[in-house]
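Right, one structure below, let's go through it.
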There are 2 protein chains.
Amino acid sequence: MTLELRVVIRQLGLLMLVLSALILAVAAFACLDHFVGGRGETVEPVSMLLAGAIGALVGAVMFFLGRKGAGLIGQREALLLVALAWLVGAALSAMPFFIWSHLSSGPDIPTHDLDSFTNCYFEAMSGLTTTGATILQSITAVPRSLLLWRAVTHWIGGLGIVVLFVAVLPMLGLGSRRVYWLEAPGVSHEGVRPRIQDTARVLWLIYVGLTIAETVTLRLCGMTWFDATCHTFATLATGGFSTLDASIAGFDSTAVHIVIIVFMVLAGINFGLYHQLLRRRWRSVTADTELRAYLTIMVVATAIVTISIMRHETVSAAQDEAASFPTALRHAAFQVVAVQTTTGFCSADFDQWGFVAKATLLTLMFVGGCAGSTGGGLKVVRILICAKVLLAELEHYYRPKVVRSVRVGKTTVDPELRMITLVYLIGIVVLCAVGTAVLMMLEAHQGIDITTAATASVATLNNIGPGLARVGATQNYAWFTAPSKIVMCILMVLGRLEVFTILVLFTPRFWKSE
Amino acid sequence: MTLELRVVIRQLGLLMLVLSALILAVAAFACLDHFVGGRGETVEPVSMLLAGAIGALVGAVMFFLGRKGAGLIGQREALLLVALAWLVGAALSAMPFFIWSHLSSGPDIPTHDLDSFTNCYFEAMSGLTTTGATILQSITAVPRSLLLWRAVTHWIGGLGIVVLFVAVLPMLGLGSRRVYWLEAPGVSHEGVRPRIQDTARVLWLIYVGLTIAETVTLRLCGMTWFDATCHTFATLATGGFSTLDASIAGFDSTAVHIVIIVFMVLAGINFGLYHQLLRRRWRSVTADTELRAYLTIMVVATAIVTISIMRHETVSAAQDEAASFPTALRHAAFQVVAVQTTTGFCSADFDQWGFVAKATLLTLMFVGGCAGSTGGGLKVVRILICAKVLLAELEHYYRPKVVRSVRVGKTTVDPELRMITLVYLIGIVVLCAVGTAVLMMLEAHQGIDITTAATASVATLNNIGPGLARVGATQNYAWFTAPSKIVMCILMVLGRLEVFTILVLFTPRFWKSE
């Protein structure tokens, strides 16, 4: 079976048309904002329109070129398409930034972060992979329409990943299927392929529903429609791009913090469970072991961080007040949820917190959200399986004849799934180490410290956004050299697509026709 | 079956008697050295005799108390015994240091590193686990007989670990058996239990043979008999205690360096292979996949480090010469072998080297020697298995129906072995991370940096000795607080006994009689 490249080209063309439509929608907002609202410069709608037009043209050509492709997408085509979708999608998504930067530059205008294409690509990739790492040194220096576009990249990226991992890959019978449907009783483990489109449509409706709910709630809490929309997009995608330099710390409202905490928690839950809820299968939701573990980890971590903060004098350098219990609890809960769901919003400069708090957050960076959510990281279910396998092997060590099955909830984890889970964990650790080493080498001339290099590697691979030290809550990624930014783009894609999806493309057997 | 504690006590008594005999042997050396050679103080032989007498007394009592124990040792008793052997052994081995320090102290004598029992215990544990991390700020301030005793703890610890992992545990049918006999064709995987004592006797003879060979060779290279003996003990055990503050860098002799490199390489090889050699089974040695991988890794790493050193100006701060190729090659080979075999000798201050060299050495710290050698670390065979499993799973990801067996050499690695290998790797990484976090918390008041904490954790868990930064080649572990030293003692034992052996003792089921 030869690799059917035309199908891939056609689908990529379709993707570009969809992205272009979104760019044009933002262009419409820019037009309204400028000509009706009287905000910003004419260059903004012009850049957006130009970017949308280019994308639509290229997309249409690709769609046309691939018209003779077979209708069915095989496993290999799907994998290739998924990898290329993020790489090509980021290139198109970078266009509005790049065009705007070049059209608005002039002799009397200082150079801007978005002047280099690498920076624009990094920002777009960070958006689409819902990482939320930014190269912008001043977010407020960027016009509103571009900030909206940044948030849209999050939103579409988050939707894409949920549809991909809950609807598309499982139906194609790809390896990680069973992880995601571990406890969804509606789907038997073998056979029975509900149609991809049906599931995708339900997921899309859930996602839009949550979007509307959060936007309206944030508006009621006093945010502008613009801020509410942008932050909703960033929350539900567990992305983390804000419209303020200070991130959520810039909104001094307890209500806003709590609403965002709630929706971050919701975004980190397996979207398959919402599907179950709609079918009124309450039991399968309340009995979900991963969901219970996810919430338990959050509660325990929040308690640890709260105590750690209260033992220190201040929550952040900016807020020079002794942390009262409610304040400490709120910031602890916010930061724990923001880091574990890999959103990466900041309600305070946690880089100033004590060692215990920082170590807890660093650990949570690896845990991540539930499988089938928009969250990144290793995923709670993998941690669960790994912990149970560790215990089982420990007993097996001195009782080789006793064989116990490893269970998560009521589901037995077969040896194959155990193996792939362990391999995935090791793979992530190795990639983090390699990423750290490469960043240290590339940035040695800037005297990068190991905390910065390691947390930059962890924060991009796990799609979190901010790290510690020089990539901490109040810092950004602008100062890295271009090669490092490309390395981090690769880490973001690897993390977002759960490594295997990308790595298989580099095995010779993948390309061999059989 | 209840746990037969009397057998354990009896065997521990026997162990103490053996250790006491060794202490008394060193005491005899101290007597000769003082009364015939005219070196040192009278307090030295007195301390050694006292320590030996106490140990012999306690050992005899324990041996007597346990006399009614059943003759056969079960799996659980063996595991408990192994763990206690190192803990109790270190306590006795610490006695000569502690007694000497207290007998020789006086109002006009400055306080010494060995005044605290924690320090003495750390030094003894570091010796017995063949780690080689020292709390001595000045080694030459310690009398010769104590330095000899330090070296003897290495030697007996190395012998103990080889006998344990090649002869005792496999015969008891304990979990890791198959890793170690993976490619030894003389032993079938199931059944056939050659008697432990036979194998142990052969290993002991090989170990003594190598000891004599290295001691004589080093003597011929110009070392004194004393230095030659001490360094031989430290080399063959892959320990790393030296008699000089500057470690091997203190011997400015290319011949000495080369001899030690050769014997470090030999000490890192599976002692089961020497057994095969004695039986004239050449093929099983030359075809050993782990041995080949072990040597290949060393050659590649040496090449990388050589190039990295040559690009820098100096090999070490002390030797302020431009590194010529032979010098760079020698130091690179020495340090690569010293770190990979987890000996931890230093021929130069590698903490001054470039990032690539340091990152390579840090990676080698995890690799370690071959299974069944005196070396620590993860062991080459585990890395091999893990790499092959990763590749197999990658293919399996998009071809779930293709099942290929994972092979190391001609042996198929069954799923059980694959699983335990992966679990072990993850366990080590988690322990390193936990160790780092605990050290950072305990030493926060001293402003410990993450490089120091992480490499101290890695260097003790993998039984290497020196790390980087404040535990680097020219530094020591004296400055840690007592709690940190205890944590590192635990890490050393965990690493030496390959984690499971210790951790099973903490599972409730281990203690339950069935």
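Each chain in the structure tokens gets a letter, A, B and so on, in the order shown; residues start at 1 in every chain, and ligands are counted from 1 in the order they appear.
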Pull out every residue of chain A sitting within 9 Å of chain B, counting only C-alpha atoms, and send them as a PyMOL selection string. chain A and resi 75-76+79+173-176+355-356+359+386+389-391+393-400+415-416+418-420+422-427+429+437+440-441+444+450-451+500-501+503-504+507+509-510
Which value, in Å to one decimal, gives the distance between atom CA of B:Ile73 and atom CA of B:Thr2?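 The value is 12.1 Å.
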Contact residues around stretch 5-12 of chain B with only C-alpha atoms at 8 Å, ignoring same-chain residues under 3 positions, as an mmCIF file with N, CA and C atoms, in the first residue's frame:
```
data_model
loop_
_atom_site.group_PDB
_atom_site.id
_atom_site.type_symbol
_atom_site.label_atom_id
_atom_site.label_comp_id
_atom_site.auth_asym_id
_atom_site.auth_seq_id
_atom_site.Cartn_x
_atom_site.Cartn_y
_atom_site.Cartn_z
ATOM 1 N N LEU B 15 28.498 -11.983 59.401
ATOM 2 C CA LEU B 15 29.028 -10.841 58.651
ATOM 3 C C LEU B 15 29.894 -9.961 59.541
ATOM 4 N N MET B 16 29.414 -9.720 60.766
ATOM 5 C CA MET B 16 30.190 -8.868 61.680
ATOM 6 C C MET B 16 31.504 -9.530 62.057
ATOM 7 N N GLY B 59 29.291 -9.537 67.100
ATOM 8 C CA GLY B 59 29.049 -10.557 66.080
ATOM 9 C C GLY B 59 28.886 -11.929 66.691
ATOM 10 N N MET B 62 25.519 -12.255 68.402
ATOM 11 C CA MET B 62 24.443 -12.410 67.431
ATOM 12 C C MET B 62 24.466 -13.804 66.809
ATOM 13 N N PHE B 63 25.652 -14.268 66.510
ATOM 14 C CA PHE B 63 25.801 -15.598 65.920
ATOM 15 C C PHE B 63 25.262 -16.652 66.882
ATOM 16 N N PHE B 64 25.537 -16.430 68.172
ATOM 17 C CA PHE B 64 25.080 -17.367 69.204
ATOM 18 C C PHE B 64 23.557 -17.288 69.379
ATOM 19 N N LEU B 65 23.041 -16.052 69.430
ATOM 20 C CA LEU B 65 21.598 -15.857 69.616
ATOM 21 C C LEU B 65 20.781 -16.500 68.497
ATOM 22 N N GLY B 66 21.358 -16.473 67.299
ATOM 23 C CA GLY B 66 20.594 -16.989 66.159
ATOM 24 C C GLY B 66 20.843 -18.461 65.887
ATOM 25 N N ARG B 67 21.479 -19.157 66.822
ATOM 26 C CA ARG B 67 21.923 -20.527 66.535
ATOM 27 C C ARG B 67 20.789 -21.501 66.274
ATOM 28 N N LYS B 68 19.585 -21.195 66.811
ATOM 29 C CA LYS B 68 18.476 -22.125 66.622
ATOM 30 C C LYS B 68 17.711 -21.909 65.326
ATOM 31 N N GLY B 69 18.179 -20.946 64.519
ATOM 32 C CA GLY B 69 17.487 -20.680 63.257
ATOM 33 C C GLY B 69 17.574 -21.872 62.319
ATOM 34 N N ALA B 70 16.557 -21.995 61.471
ATOM 35 C CA ALA B 70 16.561 -23.075 60.491
ATOM 36 C C ALA B 70 17.750 -22.878 59.561
ATOM 37 N N GLY B 71 18.251 -23.942 59.011
ATOM 38 C CA GLY B 71 19.449 -23.872 58.179
ATOM 39 C C GLY B 71 19.218 -23.172 56.851
ATOM 40 N N ILE B 73 17.812 -20.533 54.094
ATOM 41 C CA ILE B 73 17.388 -19.134 53.998
ATOM 42 C C ILE B 73 16.368 -19.012 52.888
ATOM 43 N N GLU B 77 13.882 -13.885 53.913
ATOM 44 C CA GLU B 77 15.006 -13.728 54.831
ATOM 45 C C GLU B 77 16.219 -13.173 54.089
ATOM 46 N N ALA B 78 16.435 -13.673 52.873
ATOM 47 C CA ALA B 78 17.585 -13.214 52.104
ATOM 48 C C ALA B 78 17.487 -11.720 51.828
ATOM 49 N N LEU B 80 15.775 -9.432 53.482
ATOM 50 C CA LEU B 80 15.938 -8.673 54.717
ATOM 51 C C LEU B 80 17.407 -8.639 55.118
ATOM 52 N N LEU B 81 18.060 -9.777 54.985
ATOM 53 C CA LEU B 81 19.468 -9.889 55.346
ATOM 54 C C LEU B 81 20.333 -8.948 54.504
ATOM 55 N N LEU B 84 19.833 -5.342 55.626
ATOM 56 C CA LEU B 84 20.440 -5.105 56.937
ATOM 57 C C LEU B 84 21.961 -5.221 56.873
ATOM 58 N N ALA B 85 22.449 -6.103 56.007
ATOM 59 C CA ALA B 85 23.897 -6.307 55.921
ATOM 60 C C ALA B 85 24.607 -4.988 55.657
ATOM 61 N N VAL B 88 23.966 -2.494 58.848
ATOM 62 C CA VAL B 88 24.729 -2.887 60.021
ATOM 63 C C VAL B 88 26.230 -2.872 59.713
#
```
For atom CA of A:Thr134 and atom CA of A:Gly222, the interatomic separation in Å (one decimal):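 Interatomic distance, atom CA of A:Thr134 to atom CA of A:Gly222: 25.9 Å.
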Using only C-alpha atoms, pick whichever of A:Phe35, A:Phe325, A:Phe29, A:Phe98 has the shortest atom-to-atom distance to A:Ala51.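 Selected residue with least distance to A:Ala51: A:Phe98.
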Mind checking which residues fall within 12 Å of B:Trp86, counting only C-alpha atoms, ignoring those fewer than 2 positions away in the same chain, and posting them as a VMD selection string? chain B and resid 12 15 to 16 19 79 to 84 88 to 94 121 to 122 124 to 130 153 156 to 158 160 to 161 164 489 to 490 492 to 497 501 to 502
Using only C-alpha atoms, find each residue in stretch 299-376 of chain A having at least one atom no more than 7 Å away from stretch 256-264 of chain A; report its shortest atom-to-atom pair and that distance in Å (one decimal), rows by chain then rising number, as a Markdown table.
```
| residue | atom | partner | partner_atom | distance |
| --- | --- | --- | --- | --- |
| A:Phe334 | CA | A:Ile261 | CA | 5.7 |
| A:Val337 | CA | A:Ile261 | CA | 6.6 |
| A:Ala338 | CA | A:Met264 | CA | 6.8 |
| A:Thr341 | CA | A:Met264 | CA | 6.7 |
```
Which residues come within 9 Å of stretch 479-481 of chain B, counting only C-alpha atoms, excluding same-chain residues fewer than 6 positions away, as a PDB file with N, CA and C atoms, in the first residue's frame?
```pdb
ATOM      1  N   ILE B 135      33.548  12.594  53.046  1.00  0.00           N
ATOM      2  CA  ILE B 135      33.333  13.785  53.854  1.00  0.00           C
ATOM      3  C   ILE B 135      34.670  14.345  54.361  1.00  0.00           C
ATOM      4  N   LEU B 439      17.293  17.233  49.107  1.00  0.00           N
ATOM      5  CA  LEU B 439      18.559  17.919  49.397  1.00  0.00           C
ATOM      6  C   LEU B 439      18.395  19.430  49.280  1.00  0.00           C
ATOM      7  N   LEU B 442      16.612  20.556  52.466  1.00  0.00           N
ATOM      8  CA  LEU B 442      17.425  20.448  53.684  1.00  0.00           C
ATOM      9  C   LEU B 442      18.583  21.438  53.686  1.00  0.00           C
ATOM     10  N   GLU B 443      19.070  21.792  52.500  1.00  0.00           N
ATOM     11  CA  GLU B 443      20.237  22.671  52.435  1.00  0.00           C
ATOM     12  C   GLU B 443      19.885  24.070  51.948  1.00  0.00           C
ATOM     13  N   GLN B 446      21.775  26.929  53.229  1.00  0.00           N
ATOM     14  CA  GLN B 446      23.147  27.112  52.752  1.00  0.00           C
ATOM     15  C   GLN B 446      23.165  27.584  51.304  1.00  0.00           C
TER      16      GLN B 446
END
```
One-decimal distance in Å that lies between atom CA of A:Ser457 and atom CA of A:Met488: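 That distance, rounded to one decimal, is 7.1 Å.
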So that I can check the surroundings of B:Thr118, please list as a list in words every protein, DNA and RNA residue that reaches within 9 Å of it, counting only C-alpha atoms and ignoring chain neighbours fewer than 3 positions away.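 Answer for this query is Leu114, Asp115, Tyr121, Phe122, Glu123, Ala482, Pro483, Lys485 and Ile486 of chain B.
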Residues of the last selection are to be written out with C-alpha atoms, as a PDB file, in the first residue's frame.
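This is the output file result-v2.pdb:
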```pdb
ATOM      1  CA  LEU B 114      35.462  12.209  61.749  1.00  0.00           C
ATOM      2  CA  ASP B 115      34.308  13.601  65.113  1.00  0.00           C
ATOM      3  CA  TYR B 121      28.780   6.369  58.962  1.00  0.00           C
ATOM      4  CA  PHE B 122      28.593   8.279  55.675  1.00  0.00           C
ATOM      5  CA  GLU B 123      32.232   7.469  54.939  1.00  0.00           C
ATOM      6  CA  ALA B 482      23.601  15.568  59.075  1.00  0.00           C
ATOM      7  CA  PRO B 483      20.030  14.945  57.775  1.00  0.00           C
ATOM      8  CA  LYS B 485      24.066  12.887  54.841  1.00  0.00           C
ATOM      9  CA  ILE B 486      21.559  10.341  56.115  1.00  0.00           C
TER      10      ILE B 486
END
```
So that I can check the secondary structure, give me every residue of stretch 153-283 of chain B assigned alpha helix (DSSP H) by backbone DSSP, as number ranges by chain. B: 153-162, 169-171, 177-180, 196-220, 225-236, 254-267, 271-278, 282-283
Now that the selection is made, can you save its residues with C-alpha atoms as an mmCIF file, in the first residue's frame?
```
data_model
loop_
_atom_site.group_PDB
_atom_site.id
_atom_site.type_symbol
_atom_site.label_atom_id
_atom_site.label_comp_id
_atom_site.auth_asym_id
_atom_site.auth_seq_id
_atom_site.Cartn_x
_atom_site.Cartn_y
_atom_site.Cartn_z
ATOM 1 C CA THR B 153 35.502 -1.292 52.841
ATOM 2 C CA HIS B 154 35.457 -0.716 49.067
ATOM 3 C CA TRP B 155 37.055 -4.060 48.377
ATOM 4 C CA ILE B 156 34.722 -6.087 50.572
ATOM 5 C CA GLY B 157 31.697 -4.112 49.351
ATOM 6 C CA GLY B 158 32.593 -4.772 45.722
ATOM 7 C CA LEU B 159 33.119 -8.466 46.350
ATOM 8 C CA GLY B 160 29.865 -8.605 48.271
ATOM 9 C CA ILE B 161 27.857 -7.049 45.492
ATOM 10 C CA VAL B 162 29.274 -9.341 42.811
ATOM 11 C CA LEU B 169 20.060 -13.626 44.272
ATOM 12 C CA PRO B 170 19.816 -15.526 40.970
ATOM 13 C CA MET B 171 19.957 -18.851 42.794
ATOM 14 C CA ARG B 177 17.943 -13.030 37.955
ATOM 15 C CA ARG B 178 17.285 -13.091 34.281
ATOM 16 C CA VAL B 179 18.882 -9.741 33.624
ATOM 17 C CA TYR B 180 22.179 -10.959 34.885
ATOM 18 C CA ILE B 196 25.647 -20.789 45.419
ATOM 19 C CA GLN B 197 28.891 -21.655 47.162
ATOM 20 C CA ASP B 198 30.555 -23.012 44.036
ATOM 21 C CA THR B 199 29.824 -19.878 42.052
ATOM 22 C CA ALA B 200 30.760 -17.638 44.973
ATOM 23 C CA ARG B 201 34.100 -19.403 45.329
ATOM 24 C CA VAL B 202 34.958 -18.898 41.660
ATOM 25 C CA LEU B 203 33.991 -15.211 41.828
ATOM 26 C CA TRP B 204 36.111 -14.752 44.916
ATOM 27 C CA LEU B 205 39.117 -16.300 43.180
ATOM 28 C CA ILE B 206 38.654 -14.070 40.128
ATOM 29 C CA TYR B 207 38.371 -11.017 42.376
ATOM 30 C CA VAL B 208 41.520 -11.924 44.336
ATOM 31 C CA GLY B 209 43.358 -12.685 41.100
ATOM 32 C CA LEU B 210 42.511 -9.266 39.652
ATOM 33 C CA THR B 211 43.501 -7.641 42.964
ATOM 34 C CA ILE B 212 46.958 -9.211 42.908
ATOM 35 C CA ALA B 213 47.434 -8.408 39.230
ATOM 36 C CA GLU B 214 46.593 -4.717 39.626
ATOM 37 C CA THR B 215 48.551 -4.227 42.858
ATOM 38 C CA VAL B 216 51.709 -5.674 41.332
ATOM 39 C CA THR B 217 51.297 -3.697 38.122
ATOM 40 C CA LEU B 218 50.788 -0.411 39.991
ATOM 41 C CA ARG B 219 53.825 -1.185 42.157
ATOM 42 C CA LEU B 220 55.853 -1.715 38.963
ATOM 43 C CA TRP B 225 52.892 -0.969 48.006
ATOM 44 C CA PHE B 226 50.527 0.977 50.272
ATOM 45 C CA ASP B 227 49.205 3.262 47.527
ATOM 46 C CA ALA B 228 49.092 0.402 45.043
ATOM 47 C CA THR B 229 46.999 -1.720 47.427
ATOM 48 C CA CYS B 230 44.595 1.058 48.375
ATOM 49 C CA HIS B 231 44.036 2.140 44.782
ATOM 50 C CA THR B 232 43.602 -1.433 43.627
ATOM 51 C CA PHE B 233 40.878 -1.963 46.202
ATOM 52 C CA ALA B 234 39.169 1.234 45.079
ATOM 53 C CA THR B 235 39.519 0.389 41.370
ATOM 54 C CA LEU B 236 38.210 -3.169 41.413
ATOM 55 C CA THR B 254 50.842 8.263 32.353
ATOM 56 C CA ALA B 255 51.539 4.606 33.118
ATOM 57 C CA VAL B 256 49.553 4.736 36.377
ATOM 58 C CA HIS B 257 46.650 6.394 34.589
ATOM 59 C CA ILE B 258 46.593 3.777 31.848
ATOM 60 C CA VAL B 259 46.808 0.849 34.285
ATOM 61 C CA ILE B 260 43.925 2.244 36.316
ATOM 62 C CA ILE B 261 41.862 2.859 33.166
ATOM 63 C CA VAL B 262 42.362 -0.780 32.133
ATOM 64 C CA PHE B 263 41.400 -2.186 35.524
ATOM 65 C CA MET B 264 38.403 0.147 35.867
ATOM 66 C CA VAL B 265 37.162 -1.171 32.501
ATOM 67 C CA LEU B 266 37.722 -4.748 33.728
ATOM 68 C CA ALA B 267 35.872 -4.045 36.996
ATOM 69 C CA PHE B 271 32.025 -11.092 36.511
ATOM 70 C CA GLY B 272 29.957 -13.960 35.130
ATOM 71 C CA LEU B 273 31.912 -13.477 31.905
ATOM 72 C CA TYR B 274 35.231 -14.102 33.697
ATOM 73 C CA HIS B 275 33.649 -17.272 34.944
ATOM 74 C CA GLN B 276 32.899 -18.172 31.327
ATOM 75 C CA LEU B 277 36.486 -17.336 30.359
ATOM 76 C CA LEU B 278 37.816 -19.719 32.990
ATOM 77 C CA TRP B 282 35.424 -17.702 24.484
ATOM 78 C CA ARG B 283 32.449 -17.351 22.182
#
```
